[in-house]
$ cat protein_32.csv   # CSV, C-alpha atoms
chain,number,residue,atom,x,y,z
A,1,MET,CA,-9.4,-10.9,34.0
A,2,ALA,CA,-8.6,-13.1,31.0
A,3,SER,CA,-11.8,-12.2,29.2
A,4,ARG,CA,-11.3,-8.6,29.9
A,5,SER,CA,-7.8,-8.5,28.4
A,6,LEU,CA,-9.2,-10.3,25.3
A,7,TYR,CA,-11.8,-7.7,25.0
A,8,SER,CA,-9.1,-4.9,25.1
A,9,GLU,CA,-7.0,-6.8,22.5
A,10,PHE,CA,-10.1,-6.6,20.3
A,11,THR,CA,-11.0,-3.0,20.8
A,12,LYS,CA,-7.4,-1.6,20.6
A,13,GLY,CA,-7.3,-2.4,16.9
A,14,ILE,CA,-10.6,-0.5,16.3
A,15,TRP,CA,-9.6,2.7,17.9
A,16,LYS,CA,-6.6,3.2,20.0
A,17,GLU,CA,-4.2,1.4,17.7
A,18,ASN,CA,-6.2,1.6,14.5
A,19,PRO,CA,-4.0,0.5,11.7
A,20,VAL,CA,-4.8,3.3,9.3
A,21,ILE,CA,-5.5,6.4,11.3
A,22,ILE,CA,-3.0,5.9,14.2
A,23,LEU,CA,-0.3,3.5,13.0
A,24,LEU,CA,-0.4,4.6,9.3
A,25,LEU,CA,-0.1,1.0,8.1
A,26,GLY,CA,-1.8,-0.3,5.0
A,27,MET,CA,-2.1,3.1,3.5
A,28,CYS,CA,-1.8,1.9,-0.1
A,29,PRO,CA,-5.1,0.0,-0.1
A,30,ALA,CA,-6.8,2.5,2.1
A,31,LEU,CA,-6.1,5.2,-0.5
A,32,ALA,CA,-6.4,3.2,-3.6
A,33,VAL,CA,-9.7,1.4,-3.3
A,34,SER,CA,-11.7,3.8,-1.1
A,35,ASN,CA,-13.3,5.5,-4.1
A,36,SER,CA,-16.6,3.9,-3.3
A,37,ALA,CA,-18.2,2.4,-0.2
A,38,VAL,CA,-18.6,-1.0,-1.8
A,39,ASN,CA,-15.0,-1.2,-2.8
A,40,GLY,CA,-13.9,-0.1,0.6
A,41,LEU,CA,-16.1,-2.7,2.3
A,42,ALA,CA,-14.9,-5.5,0.0
A,43,MET,CA,-11.2,-4.6,0.5
A,44,GLY,CA,-11.7,-4.3,4.2
A,45,LEU,CA,-13.4,-7.7,4.5
A,46,ALA,CA,-10.8,-9.4,2.3
A,47,SER,CA,-8.0,-8.0,4.4
A,48,THR,CA,-9.8,-9.0,7.6
A,49,PHE,CA,-10.0,-12.5,6.3
A,50,VAL,CA,-6.4,-12.6,5.4
A,51,VAL,CA,-5.1,-11.1,8.6
A,52,VAL,CA,-7.2,-13.4,10.8
A,53,SER,CA,-6.2,-16.6,8.9
A,54,ALA,CA,-2.6,-15.6,8.6
A,55,SER,CA,-2.4,-14.7,12.3
A,56,SER,CA,-3.9,-18.0,13.4
A,57,ILE,CA,-1.5,-20.1,11.3
A,58,VAL,CA,1.5,-18.0,12.5
A,59,SER,CA,0.4,-18.4,16.1
A,60,ILE,CA,0.0,-22.2,15.7
A,61,ILE,CA,3.4,-22.7,14.1
A,62,ARG,CA,5.2,-20.1,16.1
A,63,ARG,CA,7.4,-22.6,17.9
A,64,LEU,CA,8.3,-24.5,14.7
A,65,VAL,CA,9.7,-21.6,12.8
A,66,PRO,CA,13.3,-20.7,13.3
A,67,ALA,CA,13.7,-17.0,14.0
A,68,GLN,CA,16.0,-16.4,11.0
A,69,VAL,CA,13.5,-17.5,8.4
A,70,ARG,CA,10.3,-16.2,10.1
A,71,ILE,CA,9.8,-13.2,7.8
A,72,PRO,CA,9.8,-15.2,4.5
A,73,THR,CA,7.6,-17.9,6.2
A,74,TYR,CA,5.1,-15.3,7.2
A,75,ILE,CA,5.1,-13.8,3.7
A,76,VAL,CA,4.4,-17.1,2.1
A,77,ILE,CA,1.6,-17.9,4.5
A,78,ILE,CA,0.0,-14.4,3.8
A,79,ALA,CA,0.5,-14.8,0.1
A,80,GLY,CA,-1.3,-18.1,0.2
A,81,PHE,CA,-4.4,-16.7,1.9
A,82,VAL,CA,-4.3,-13.7,-0.4
A,83,THR,CA,-4.5,-16.0,-3.4
A,84,LEU,CA,-7.5,-17.7,-1.8
A,85,ALA,CA,-9.3,-14.4,-1.2
A,86,ASP,CA,-8.4,-13.3,-4.7
A,87,LEU,CA,-9.8,-16.4,-6.4
A,88,PHE,CA,-12.9,-16.3,-4.1
A,89,LEU,CA,-13.7,-12.7,-5.1
A,90,LYS,CA,-13.1,-13.5,-8.8
A,91,ALA,CA,-15.4,-16.5,-8.7
A,92,TYR,CA,-18.3,-15.1,-6.7
A,93,PHE,CA,-18.1,-11.3,-7.1
A,94,PRO,CA,-16.5,-10.7,-10.5
A,95,ALA,CA,-17.6,-7.1,-10.7
A,96,VAL,CA,-16.0,-6.2,-7.4
A,97,ALA,CA,-12.9,-8.2,-8.2
A,98,LYS,CA,-12.6,-6.3,-11.5
A,99,SER,CA,-12.9,-2.8,-9.9
A,100,LEU,CA,-10.4,-3.7,-7.2
A,101,GLY,CA,-8.0,-5.1,-9.9
A,102,PRO,CA,-4.4,-5.8,-8.8
A,103,TYR,CA,-5.1,-4.3,-5.4
A,104,VAL,CA,-6.4,-7.7,-4.1
A,105,PRO,CA,-3.1,-9.5,-4.7
A,106,LEU,CA,-1.4,-6.4,-3.2
A,107,ILE,CA,-2.9,-7.3,0.2
A,108,VAL,CA,0.3,-9.4,0.5
A,109,VAL,CA,2.4,-6.4,1.1
A,110,ASN,CA,-0.1,-4.6,3.4
A,111,CYS,CA,2.2,-3.9,6.3
A,112,MET,CA,-0.7,-4.1,8.7
A,113,ILE,CA,-0.9,-7.9,8.1
A,114,MET,CA,2.8,-8.4,8.4
A,115,GLY,CA,2.8,-6.2,11.5
A,116,ARG,CA,0.1,-8.3,13.3
A,117,ALA,CA,2.0,-11.5,12.4
A,118,GLU,CA,5.4,-10.2,13.6
A,119,PHE,CA,4.4,-8.2,16.6
A,120,PHE,CA,1.5,-10.2,18.0
A,121,ALA,CA,0.7,-13.6,16.6
A,122,SER,CA,4.2,-14.8,16.7
A,123,LYS,CA,4.3,-14.2,20.5
A,124,HIS,CA,0.8,-15.3,21.6
A,125,THR,CA,-1.5,-18.3,21.6
A,126,LEU,CA,-4.2,-18.9,19.1
A,127,LEU,CA,-7.2,-17.2,20.8
A,128,PRO,CA,-5.6,-13.8,21.5
A,129,ALA,CA,-4.0,-13.9,18.1
A,130,ILE,CA,-7.3,-14.4,16.4
A,131,VAL,CA,-9.0,-11.7,18.5
A,132,ASP,CA,-6.2,-9.2,17.9
A,133,ALA,CA,-6.2,-9.8,14.2
A,134,PHE,CA,-10.0,-9.6,14.0
A,135,GLY,CA,-10.0,-6.2,15.9
A,136,THR,CA,-7.3,-4.9,13.6
A,137,GLY,CA,-9.3,-6.1,10.5
A,138,ILE,CA,-12.5,-4.4,11.7
A,139,GLY,CA,-10.5,-1.2,12.5
A,140,PHE,CA,-9.1,-1.3,9.0
A,141,THR,CA,-12.5,-2.0,7.4
A,142,TRP,CA,-14.4,0.9,9.1
A,143,VAL,CA,-11.9,3.5,8.1
A,144,LEU,CA,-12.0,2.2,4.5
A,145,VAL,CA,-15.8,2.3,4.5
A,146,VAL,CA,-16.0,5.8,6.0
A,147,VAL,CA,-13.5,7.2,3.6
A,148,GLY,CA,-15.3,5.3,0.8
A,149,VAL,CA,-18.7,6.7,1.8
A,150,VAL,CA,-17.4,10.3,1.9
A,151,ARG,CA,-15.6,10.0,-1.4
A,152,GLU,CA,-18.5,8.3,-3.1
A,153,ILE,CA,-21.1,10.9,-1.9
A,154,LEU,CA,-18.9,13.9,-2.9
A,155,GLY,CA,-17.4,12.3,-6.0
A,156,SER,CA,-20.4,10.5,-7.6
A,157,GLY,CA,-23.4,11.7,-5.5
A,158,SER,CA,-24.3,8.2,-4.5
A,159,ILE,CA,-23.9,5.9,-1.6
A,160,PHE,CA,-23.4,2.1,-1.9
A,161,ASN,CA,-24.2,2.6,-5.6
A,162,VAL,CA,-27.7,4.2,-4.8
A,163,MET,CA,-28.0,7.6,-6.3
A,164,LEU,CA,-28.7,10.2,-3.6
A,165,MET,CA,-29.0,13.4,-5.5
A,166,SER,CA,-29.8,13.9,-9.2
A,167,GLU,CA,-27.1,15.4,-11.4
A,168,ASP,CA,-28.9,18.7,-11.9
A,169,VAL,CA,-29.1,19.4,-8.1
A,170,PHE,CA,-25.6,18.4,-7.3
A,171,THR,CA,-22.6,18.4,-9.6
A,172,PRO,CA,-20.3,15.6,-8.4
A,173,TRP,CA,-16.8,16.6,-7.4
A,174,VAL,CA,-15.0,14.3,-9.8
A,175,VAL,CA,-11.7,15.0,-8.1
A,176,MET,CA,-12.9,13.1,-5.0
A,177,ILE,CA,-12.9,9.8,-6.8
A,178,LEU,CA,-9.6,10.5,-8.4
A,179,PRO,CA,-6.2,9.9,-6.6
A,180,ALA,CA,-5.9,13.5,-5.4
A,181,GLY,CA,-9.3,13.2,-3.5
A,182,ALA,CA,-8.1,10.1,-1.7
A,183,PHE,CA,-5.0,11.8,-0.2
A,184,ILE,CA,-7.0,14.9,0.7
A,185,SER,CA,-10.0,13.2,2.3
A,186,LEU,CA,-7.8,10.8,4.3
A,187,GLY,CA,-5.5,13.6,5.4
A,188,LEU,CA,-8.5,15.7,6.5
A,189,MET,CA,-10.1,12.8,8.3
A,190,ILE,CA,-6.9,12.1,10.3
A,191,GLY,CA,-6.7,15.9,11.0
A,192,ILE,CA,-10.2,16.0,12.3
A,193,ILE,CA,-9.6,13.0,14.5
A,194,ASN,CA,-6.4,14.6,15.8
A,195,TYR,CA,-8.3,17.8,16.5
A,196,PHE,CA,-10.8,16.0,18.8
A,197,LYS,CA,-8.0,14.1,20.4
A,198,ASN,CA,-6.2,17.3,21.2
A,199,LEU,CA,-9.4,18.9,22.5
A,200,LYS,CA,-10.0,15.9,24.8
A,201,ALA,CA,-6.4,16.0,26.1
A,202,GLU,CA,-6.7,19.7,26.8
A,203,ARG,CA,-9.9,19.3,28.7
A,204,ALA,CA,-8.3,16.5,30.8
A,205,LYS,CA,-5.6,18.9,31.9
B,1,MET,CA,8.4,4.2,-29.8
B,2,THR,CA,6.1,2.2,-27.6
B,3,VAL,CA,9.0,1.7,-25.2
B,4,ILE,CA,9.3,5.4,-24.7
B,5,LEU,CA,5.5,5.7,-24.2
B,6,VAL,CA,5.7,3.0,-21.5
B,7,PHE,CA,8.5,4.8,-19.8
B,8,LEU,CA,6.7,8.2,-19.8
B,9,SER,CA,3.5,6.6,-18.8
B,10,ALA,CA,5.0,4.8,-15.8
B,11,ALA,CA,7.2,7.8,-14.8
B,12,ILE,CA,4.8,10.7,-15.1
B,13,VAL,CA,1.3,10.2,-16.3
B,14,ASN,CA,0.5,7.1,-14.3
B,15,ASN,CA,3.0,7.8,-11.6
B,16,LEU,CA,3.1,4.8,-9.3
B,17,VAL,CA,2.9,6.8,-6.1
B,18,LEU,CA,0.5,9.6,-7.0
B,19,ALA,CA,-1.9,7.7,-9.3
B,20,TYR,CA,-1.7,4.1,-8.2
B,21,PHE,CA,-0.9,4.6,-4.5
B,22,LEU,CA,1.9,2.2,-4.6
B,23,GLY,CA,4.8,2.6,-2.2
B,24,ILE,CA,3.0,5.0,0.0
B,25,CYS,CA,4.7,3.8,3.2
B,26,PRO,CA,8.3,4.8,2.1
B,27,PHE,CA,6.7,7.9,0.4
B,28,LEU,CA,5.4,9.1,3.8
B,29,GLY,CA,8.2,7.6,5.9
B,30,VAL,CA,11.4,8.5,4.0
B,31,SER,CA,10.5,11.8,2.6
B,32,LYS,CA,11.6,14.0,5.5
B,33,ARG,CA,15.0,14.9,4.0
B,34,LEU,CA,16.1,15.5,0.4
B,35,ASP,CA,19.3,13.4,0.4
B,36,THR,CA,17.7,10.3,2.1
B,37,ALA,CA,14.8,10.6,-0.3
B,38,LEU,CA,17.2,10.6,-3.3
B,39,ASN,CA,19.1,7.6,-2.0
B,40,MET,CA,15.9,5.6,-1.3
B,41,GLY,CA,14.7,6.5,-4.8
B,42,PHE,CA,17.9,5.2,-6.4
B,43,ALA,CA,17.8,2.0,-4.4
B,44,THR,CA,14.2,1.4,-5.3
B,45,THR,CA,14.7,2.2,-9.0
B,46,PHE,CA,17.6,-0.3,-9.1
B,47,VAL,CA,15.6,-3.1,-7.5
B,48,MET,CA,12.5,-2.3,-9.5
B,49,THR,CA,14.4,-2.6,-12.8
B,50,LEU,CA,15.9,-5.9,-11.8
B,51,ALA,CA,12.6,-7.2,-10.4
B,52,ALA,CA,10.7,-6.2,-13.6
B,53,ALA,CA,13.2,-8.2,-15.7
B,54,ILE,CA,13.3,-11.3,-13.5
B,55,THR,CA,9.5,-11.5,-12.8
B,56,TRP,CA,8.9,-11.1,-16.5
B,57,LEU,CA,11.1,-14.1,-17.2
B,58,ILE,CA,9.5,-16.2,-14.5
B,59,ASN,CA,6.0,-15.2,-15.6
B,60,ASN,CA,6.5,-15.8,-19.3
B,61,LEU,CA,8.8,-18.7,-19.3
B,62,ILE,CA,7.4,-20.7,-16.3
B,63,LEU,CA,4.1,-19.6,-15.1
B,64,VAL,CA,2.2,-18.9,-18.3
B,65,PRO,CA,3.4,-22.0,-20.3
B,66,TYR,CA,2.5,-24.3,-17.5
B,67,ASP,CA,-0.8,-22.6,-16.8
B,68,LEU,CA,0.1,-21.5,-13.3
B,69,PRO,CA,-0.7,-17.7,-13.2
B,70,PHE,CA,-2.6,-18.2,-9.9
B,71,LEU,CA,0.8,-18.7,-8.3
B,72,GLN,CA,2.0,-15.2,-9.4
B,73,ASN,CA,1.4,-13.7,-6.0
B,74,VAL,CA,3.5,-16.2,-4.1
B,75,THR,CA,6.3,-16.5,-6.7
B,76,PHE,CA,6.6,-12.8,-7.2
B,77,ILE,CA,6.9,-11.9,-3.6
B,78,ILE,CA,9.5,-14.7,-3.0
B,79,THR,CA,11.4,-13.5,-6.0
B,80,ILE,CA,11.5,-9.9,-4.8
B,81,ALA,CA,12.4,-10.8,-1.3
B,82,SER,CA,15.3,-13.0,-2.4
B,83,LEU,CA,16.3,-10.5,-5.0
B,84,VAL,CA,16.6,-7.7,-2.4
B,85,GLN,CA,18.7,-10.0,-0.2
B,86,LEU,CA,21.0,-10.8,-3.1
B,87,VAL,CA,21.4,-7.2,-4.1
B,88,GLU,CA,22.2,-6.3,-0.5
B,89,MET,CA,24.9,-9.0,-0.3
B,90,PHE,CA,26.3,-8.0,-3.7
B,91,ILE,CA,26.6,-4.3,-2.9
B,92,LYS,CA,28.0,-5.0,0.5
B,93,LYS,CA,30.8,-7.0,-1.1
B,94,THR,CA,31.6,-4.9,-4.1
B,95,SER,CA,31.0,-1.3,-3.1
B,96,PRO,CA,31.0,-0.5,0.6
B,97,PRO,CA,30.4,3.2,0.1
B,98,LEU,CA,27.3,2.5,-1.9
B,99,TYR,CA,26.2,0.0,0.7
B,100,LYS,CA,26.6,2.6,3.4
B,101,SER,CA,24.3,5.0,1.6
B,102,LEU,CA,21.7,2.5,0.4
B,103,GLY,CA,22.1,-0.3,2.9
B,104,ILE,CA,19.5,0.6,5.4
B,105,PHE,CA,16.9,1.2,2.7
B,106,LEU,CA,17.2,-2.2,1.1
B,107,PRO,CA,15.4,-4.3,3.6
B,108,LEU,CA,12.6,-1.7,3.6
B,109,ILE,CA,12.2,-2.2,-0.1
B,110,VAL,CA,10.9,-5.8,0.4
B,111,THR,CA,7.7,-4.4,1.8
B,112,ASN,CA,7.4,-1.7,-0.8
B,113,CYS,CA,4.2,-2.5,-2.6
B,114,ALA,CA,5.4,-0.6,-5.6
B,115,ILE,CA,7.7,-3.4,-6.6
B,116,LEU,CA,5.1,-6.2,-6.3
B,117,GLY,CA,2.6,-3.9,-7.9
B,118,LEU,CA,4.9,-3.2,-10.7
B,119,ALA,CA,5.4,-6.9,-11.3
B,120,LEU,CA,1.7,-7.5,-11.2
B,121,PHE,CA,0.8,-4.7,-13.6
B,122,GLU,CA,3.6,-5.9,-15.9
B,123,ALA,CA,2.0,-9.4,-16.0
B,124,LEU,CA,-1.5,-8.0,-16.3
B,125,ARG,CA,-0.8,-5.7,-19.2
B,126,GLU,CA,1.3,-8.4,-21.0
B,127,TYR,CA,4.2,-6.2,-21.9
B,128,THR,CA,7.1,-7.5,-24.0
B,129,PHE,CA,10.4,-8.0,-22.3
B,130,LEU,CA,11.8,-4.7,-23.4
B,131,GLU,CA,8.6,-2.8,-22.5
B,132,GLY,CA,8.6,-4.5,-19.1
B,133,LEU,CA,12.2,-3.3,-18.6
B,134,PHE,CA,11.3,0.2,-19.4
B,135,PHE,CA,8.2,0.0,-17.3
B,136,GLY,CA,10.5,-0.9,-14.4
B,137,VAL,CA,12.9,2.0,-15.0
B,138,GLY,CA,10.1,4.4,-15.6
B,139,GLY,CA,8.3,3.3,-12.4
B,140,GLY,CA,11.5,3.7,-10.4
B,141,PHE,CA,12.1,7.1,-11.9
B,142,GLY,CA,8.5,8.2,-11.1
B,143,PHE,CA,8.9,6.9,-7.6
B,144,THR,CA,12.1,8.9,-7.1
B,145,LEU,CA,10.6,12.0,-8.6
B,146,ALA,CA,7.6,11.9,-6.3
B,147,LEU,CA,9.8,11.2,-3.3
B,148,VAL,CA,12.2,14.0,-4.1
B,149,LEU,CA,9.4,16.5,-4.7
B,150,MET,CA,7.7,15.5,-1.5
B,151,ALA,CA,11.0,15.8,0.5
B,152,GLY,CA,11.6,19.3,-1.0
B,153,ILE,CA,8.2,20.5,0.1
B,154,ARG,CA,8.5,18.9,3.5
B,155,GLU,CA,11.8,20.6,4.1
B,156,GLU,CA,10.1,23.9,3.4
B,157,LEU,CA,7.1,23.0,5.6
B,158,GLU,CA,9.4,22.8,8.6
B,159,PHE,CA,9.3,26.6,8.6
B,160,ALA,CA,5.6,26.9,8.0
B,161,GLU,CA,3.0,27.3,10.7
B,162,VAL,CA,0.8,24.2,10.4
B,163,PRO,CA,-2.3,24.0,12.5
B,164,GLU,CA,-1.7,21.7,15.6
B,165,SER,CA,-4.0,19.0,14.6
B,166,LEU,CA,-2.7,18.8,11.0
B,167,LYS,CA,0.9,18.3,12.0
B,168,GLY,CA,2.7,15.2,10.7
B,169,ALA,CA,0.8,12.6,8.7
B,170,PRO,CA,-2.4,14.7,7.9
B,171,MET,CA,-0.3,17.6,6.4
B,172,THR,CA,1.8,15.1,4.4
B,173,LEU,CA,-1.3,13.5,3.0
B,174,LEU,CA,-2.7,16.9,2.1
B,175,VAL,CA,0.5,17.9,0.3
B,176,ALA,CA,0.5,14.6,-1.5
B,177,GLY,CA,-3.1,15.3,-2.6
B,178,MET,CA,-1.9,18.6,-4.1
B,179,LEU,CA,1.0,16.9,-5.8
B,180,ALA,CA,-1.5,14.4,-7.3
B,181,LEU,CA,-3.6,17.2,-8.5
B,182,ALA,CA,-0.6,18.7,-10.2
B,183,PHE,CA,0.2,15.4,-11.8
B,184,MET,CA,-3.3,15.1,-13.1
B,185,GLY,CA,-2.3,17.9,-15.5
B,186,PHE,CA,-0.2,15.4,-17.3
B,187,ALA,CA,-3.2,13.1,-17.9
B,188,GLY,CA,-3.9,14.4,-21.4
B,189,LEU,CA,-0.3,13.9,-22.5
B,190,LEU,CA,-0.7,10.2,-23.4
B,191,SER,CA,-3.5,7.6,-23.4
B,192,VAL,CA,-1.5,4.6,-22.2
$ encode --input "protein_32.csv" --output "structure tokens"
Amino acid sequence: MASRSLYSEFTKGIWKENPVIILLLGMCPALAVSNSAVNGLAMGLASTFVVVSASSIVSIIRRLVPAQVRIPTYIVIIAGFVTLADLFLKAYFPAVAKSLGPYVPLIVVNCMIMGRAEFFASKHTLLPAIVDAFGTGIGFTWVLVVVGVVREILGSGSIFNVMLMSEDVFTPWVVMILPAGAFISLGLMIGIINYFKNLKAERAK
Amino acid sequence: MTVILVFLSAAIVNNLVLAYFLGICPFLGVSKRLDTALNMGFATTFVMTLAAAITWLINNLILVPYDLPFLQNVTFIITIASLVQLVEMFIKKTSPPLYKSLGIFLPLIVTNCAILGLALFEALREYTFLEGLFFGVGGGFGFTLALVLMAGIREELEFAEVPESLKGAPMTLLVAGMLALAFMGFAGLLSV
């Protein structure tokens, strides 16, 4: 039973309670850095790292923190790990760090991470907290990568920086890598997912 | 002159919400009605201006001289959180009617990435104090503008027939996309 509930804690973040498409948390990074697949992947992994580490620390110290100051405590813990991730990216992947720019430090205010710390990690033991955070991180990452792939194919005609079509066959839709494209592609993606969910619900009737 | 450029750039050309995706959560959450959108915008502008000034001082008087810019993240977020708390207490004490209309929005502002983003951009671009101040006012103005435009459109959308699967968040995102497209028209205005 215990292992099964752990498994469901993990999968719920990926689909049923996906941070971006269902809960609409962490929209800022999801829109801002999904202009290419590589950026989406890097952002997703960095956020996964932060959410897993922050959730584990929050879960370990959950009995030591007085309820009144828990939010500031969580923010400081999260900010610490974000600084770690930021420095790591700058040191080992300078090109990616440069294209993500100030959006790496902005992981601090990603409400998805705060949400996991506040609603789950502060009430559970270490193992479920890690599993839950990891599931959420993966759920966040796949949405970012999918949106990134779609926008990169349409906007620059490439995928993971590999050119798919030459410029004379396919004129890139520049708007897709611009801000407007982010809103429209994510909106359509959530719409399509809703369509299939409605279809399934109707069939079930 | 540069001060005006910074203001216009932050408010319109590089609108925080529509070009930098900062503050999307309140943008999607609090844009259902025009009057709440306006109040939220004012509250945010107020905090943003204060935050821009204070984080500038902290960054340039403490962090940079002592070679500590890697602490920017942690210090800025703590500064903003305590600033919001202070503003809340101050308004509650001095102006109860204002507190009544802004009160519930203030705690929400802590997690508004537009404020932290603004502070980080301000540090990154090495603005002077005055430029930073105008950057804060401009950013707040741009945020209010985007929020109010969005709320106006959404109030009209209530009467439109939106396809079932696009209701709610997807439609809001699509409308935001069109607003962003419209704001791209300003892109040629300045090159800051």
$ interface_residues --input "protein_32.csv" --of "chain B" --to "chain A" --cutoff "7 Å" --atoms "only C-alpha atoms" --output "PyMOL selection string"
chain B and resi 18-25+73-74+111+113+117+120+165-166+170-171+173-174+176-178+180-181
$ residues_near_point --input "protein_32.csv" --point "(-7.7, -0.8, 17.4)" --cutoff "12 Å" --atoms "only C-alpha atoms" --output "PDB file with C-alpha atoms, keeping the file's coordinate frame"
ATOM      1  CA  TYR A   7     -11.800  -7.700  25.000  1.00  0.00           C
ATOM      2  CA  SER A   8      -9.100  -4.900  25.100  1.00  0.00           C
ATOM      3  CA  GLU A   9      -7.000  -6.800  22.500  1.00  0.00           C
ATOM      4  CA  PHE A  10     -10.100  -6.600  20.300  1.00  0.00           C
ATOM      5  CA  THR A  11     -11.000  -3.000  20.800  1.00  0.00           C
ATOM      6  CA  LYS A  12      -7.400  -1.600  20.600  1.00  0.00           C
ATOM      7  CA  GLY A  13      -7.300  -2.400  16.900  1.00  0.00           C
ATOM      8  CA  ILE A  14     -10.600  -0.500  16.300  1.00  0.00           C
ATOM      9  CA  TRP A  15      -9.600   2.700  17.900  1.00  0.00           C
ATOM     10  CA  LYS A  16      -6.600   3.200  20.000  1.00  0.00           C
ATOM     11  CA  GLU A  17      -4.200   1.400  17.700  1.00  0.00           C
ATOM     12  CA  ASN A  18      -6.200   1.600  14.500  1.00  0.00           C
ATOM     13  CA  PRO A  19      -4.000   0.500  11.700  1.00  0.00           C
ATOM     14  CA  VAL A  20      -4.800   3.300   9.300  1.00  0.00           C
ATOM     15  CA  ILE A  21      -5.500   6.400  11.300  1.00  0.00           C
ATOM     16  CA  ILE A  22      -3.000   5.900  14.200  1.00  0.00           C
ATOM     17  CA  LEU A  23      -0.300   3.500  13.000  1.00  0.00           C
ATOM     18  CA  MET A 112      -0.700  -4.100   8.700  1.00  0.00           C
ATOM     19  CA  ARG A 116       0.100  -8.300  13.300  1.00  0.00           C
ATOM     20  CA  VAL A 131      -9.000 -11.700  18.500  1.00  0.00           C
ATOM     21  CA  ASP A 132      -6.200  -9.200  17.900  1.00  0.00           C
ATOM     22  CA  ALA A 133      -6.200  -9.800  14.200  1.00  0.00           C
ATOM     23  CA  PHE A 134     -10.000  -9.600  14.000  1.00  0.00           C
ATOM     24  CA  GLY A 135     -10.000  -6.200  15.900  1.00  0.00           C
ATOM     25  CA  THR A 136      -7.300  -4.900  13.600  1.00  0.00           C
ATOM     26  CA  GLY A 137      -9.300  -6.100  10.500  1.00  0.00           C
ATOM     27  CA  ILE A 138     -12.500  -4.400  11.700  1.00  0.00           C
ATOM     28  CA  GLY A 139     -10.500  -1.200  12.500  1.00  0.00           C
ATOM     29  CA  PHE A 140      -9.100  -1.300   9.000  1.00  0.00           C
ATOM     30  CA  THR A 141     -12.500  -2.000   7.400  1.00  0.00           C
ATOM     31  CA  TRP A 142     -14.400   0.900   9.100  1.00  0.00           C
ATOM     32  CA  VAL A 143     -11.900   3.500   8.100  1.00  0.00           C
TER      33      VAL A 143
END
$ residues_around --input "protein_32.csv" --residues "Ser56 in chain A" --least-positions-apart "5" --cutoff "7 Å" --atoms "all atoms listed in the file" --output "NGL selection string"
:A and (126 or 129-130)
$ residues_around --input "protein_32.csv" --residues "range 36-45 of chain A" --least-positions-apart "3" --cutoff "6 Å" --atoms "all atoms listed in the file" --output "short mmCIF file (atom, residue, chain, number, x, y, z; two decimals) with C-alpha atoms, keeping the file's coordinate frame"
data_model
loop_
_atom_site.label_atom_id
_atom_site.label_comp_id
_atom_site.auth_asym_id
_atom_site.auth_seq_id
_atom_site.Cartn_x
_atom_site.Cartn_y
_atom_site.Cartn_z
CA VAL A 33 -9.70 1.40 -3.30
CA THR A 48 -9.80 -9.00 7.60
CA THR A 141 -12.50 -2.00 7.40
CA LEU A 144 -12.00 2.20 4.50
CA VAL A 145 -15.80 2.30 4.50
CA GLY A 148 -15.30 5.30 0.80
CA VAL A 149 -18.70 6.70 1.80
CA GLU A 152 -18.50 8.30 -3.10
CA PHE A 160 -23.40 2.10 -1.90
#
$ residues_around --input "protein_32.csv" --residues "Ala52 in chain B" --least-positions-apart "4" --cutoff "6 Å" --atoms "only C-alpha atoms" --output "PyMOL selection string"
chain B and resi 48+56+119+133+136
$ closest_residue --input "protein_32.csv" --among "A:Ile57, A:Met176, A:Val169, A:Val96" --to "Leu154 in chain A" --atoms "only C-alpha atoms"
A:Met176
$ atom_distance --input "protein_32.csv" --atom1 "CA of Ile177 in chain A" --atom2 "CA of Ile115 in chain B"
24.5 Å
$ closest_residue --input "protein_32.csv" --among "B:Glu131, B:Glu126, B:Glu164, B:Glu158" --to "Ala10 in chain B" --atoms "all atoms listed in the file"
B:Glu131
$ atom_distance --input "protein_32.csv" --atom1 "CA of Ile109 in chain B" --atom2 "CA of Thr44 in chain B"
6.6 Å
$ atom_distance --input "protein_32.csv" --atom1 "CA of Leu149 in chain B" --atom2 "CA of Trp173 in chain A"
26.3 Å
$ closest_residue --input "protein_32.csv" --among "B:Leu34, B:Leu118, B:Val13, B:Leu86" --to "Met150 in chain B" --atoms "all atoms listed in the file"
B:Leu34
$ closest_residue --input "protein_32.csv" --among "B:Ala123, B:Ala160, B:Ala182, B:Ala151" --to "Leu57 in chain B" --atoms "all atoms listed in the file"
B:Ala123
$ residues_around --input "protein_32.csv" --residues "Pro107 in chain B" --least-positions-apart "5" --cutoff "9 Å" --atoms "all atoms listed in the file" --output "tab-separated table (two decimals) with C-alpha atoms, keeping the file's coordinate frame"
chain	number	residue	atom	x	y	z
B	81	ALA	CA	12.40	-10.80	-1.30
B	84	VAL	CA	16.60	-7.70	-2.40
B	85	GLN	CA	18.70	-10.00	-0.20
B	88	GLU	CA	22.20	-6.30	-0.50
$ closest_residue --input "protein_32.csv" --among "A:Glu118, A:Asn35, A:Phe93, A:Leu6" --to "Ser158 in chain A" --atoms "all atoms listed in the file"
A:Asn35
$ residues_around --input "protein_32.csv" --residues "Ile4 in chain B" --least-positions-apart "5" --cutoff "12 Å" --atoms "only C-alpha atoms" --output "list in words"
Ser9, Ala10, Ala11, Ile12, Leu130, Glu131, Gly132, Leu133, Phe134, Phe135, Val137, Gly138, Leu190 and Val192 of chain B
$ closest_residue --input "protein_32.csv" --among "B:Glu161, B:Asn112, B:Ile54, B:Ile62" --to "Gly140 in chain B" --atoms "all atoms listed in the file"
B:Asn112
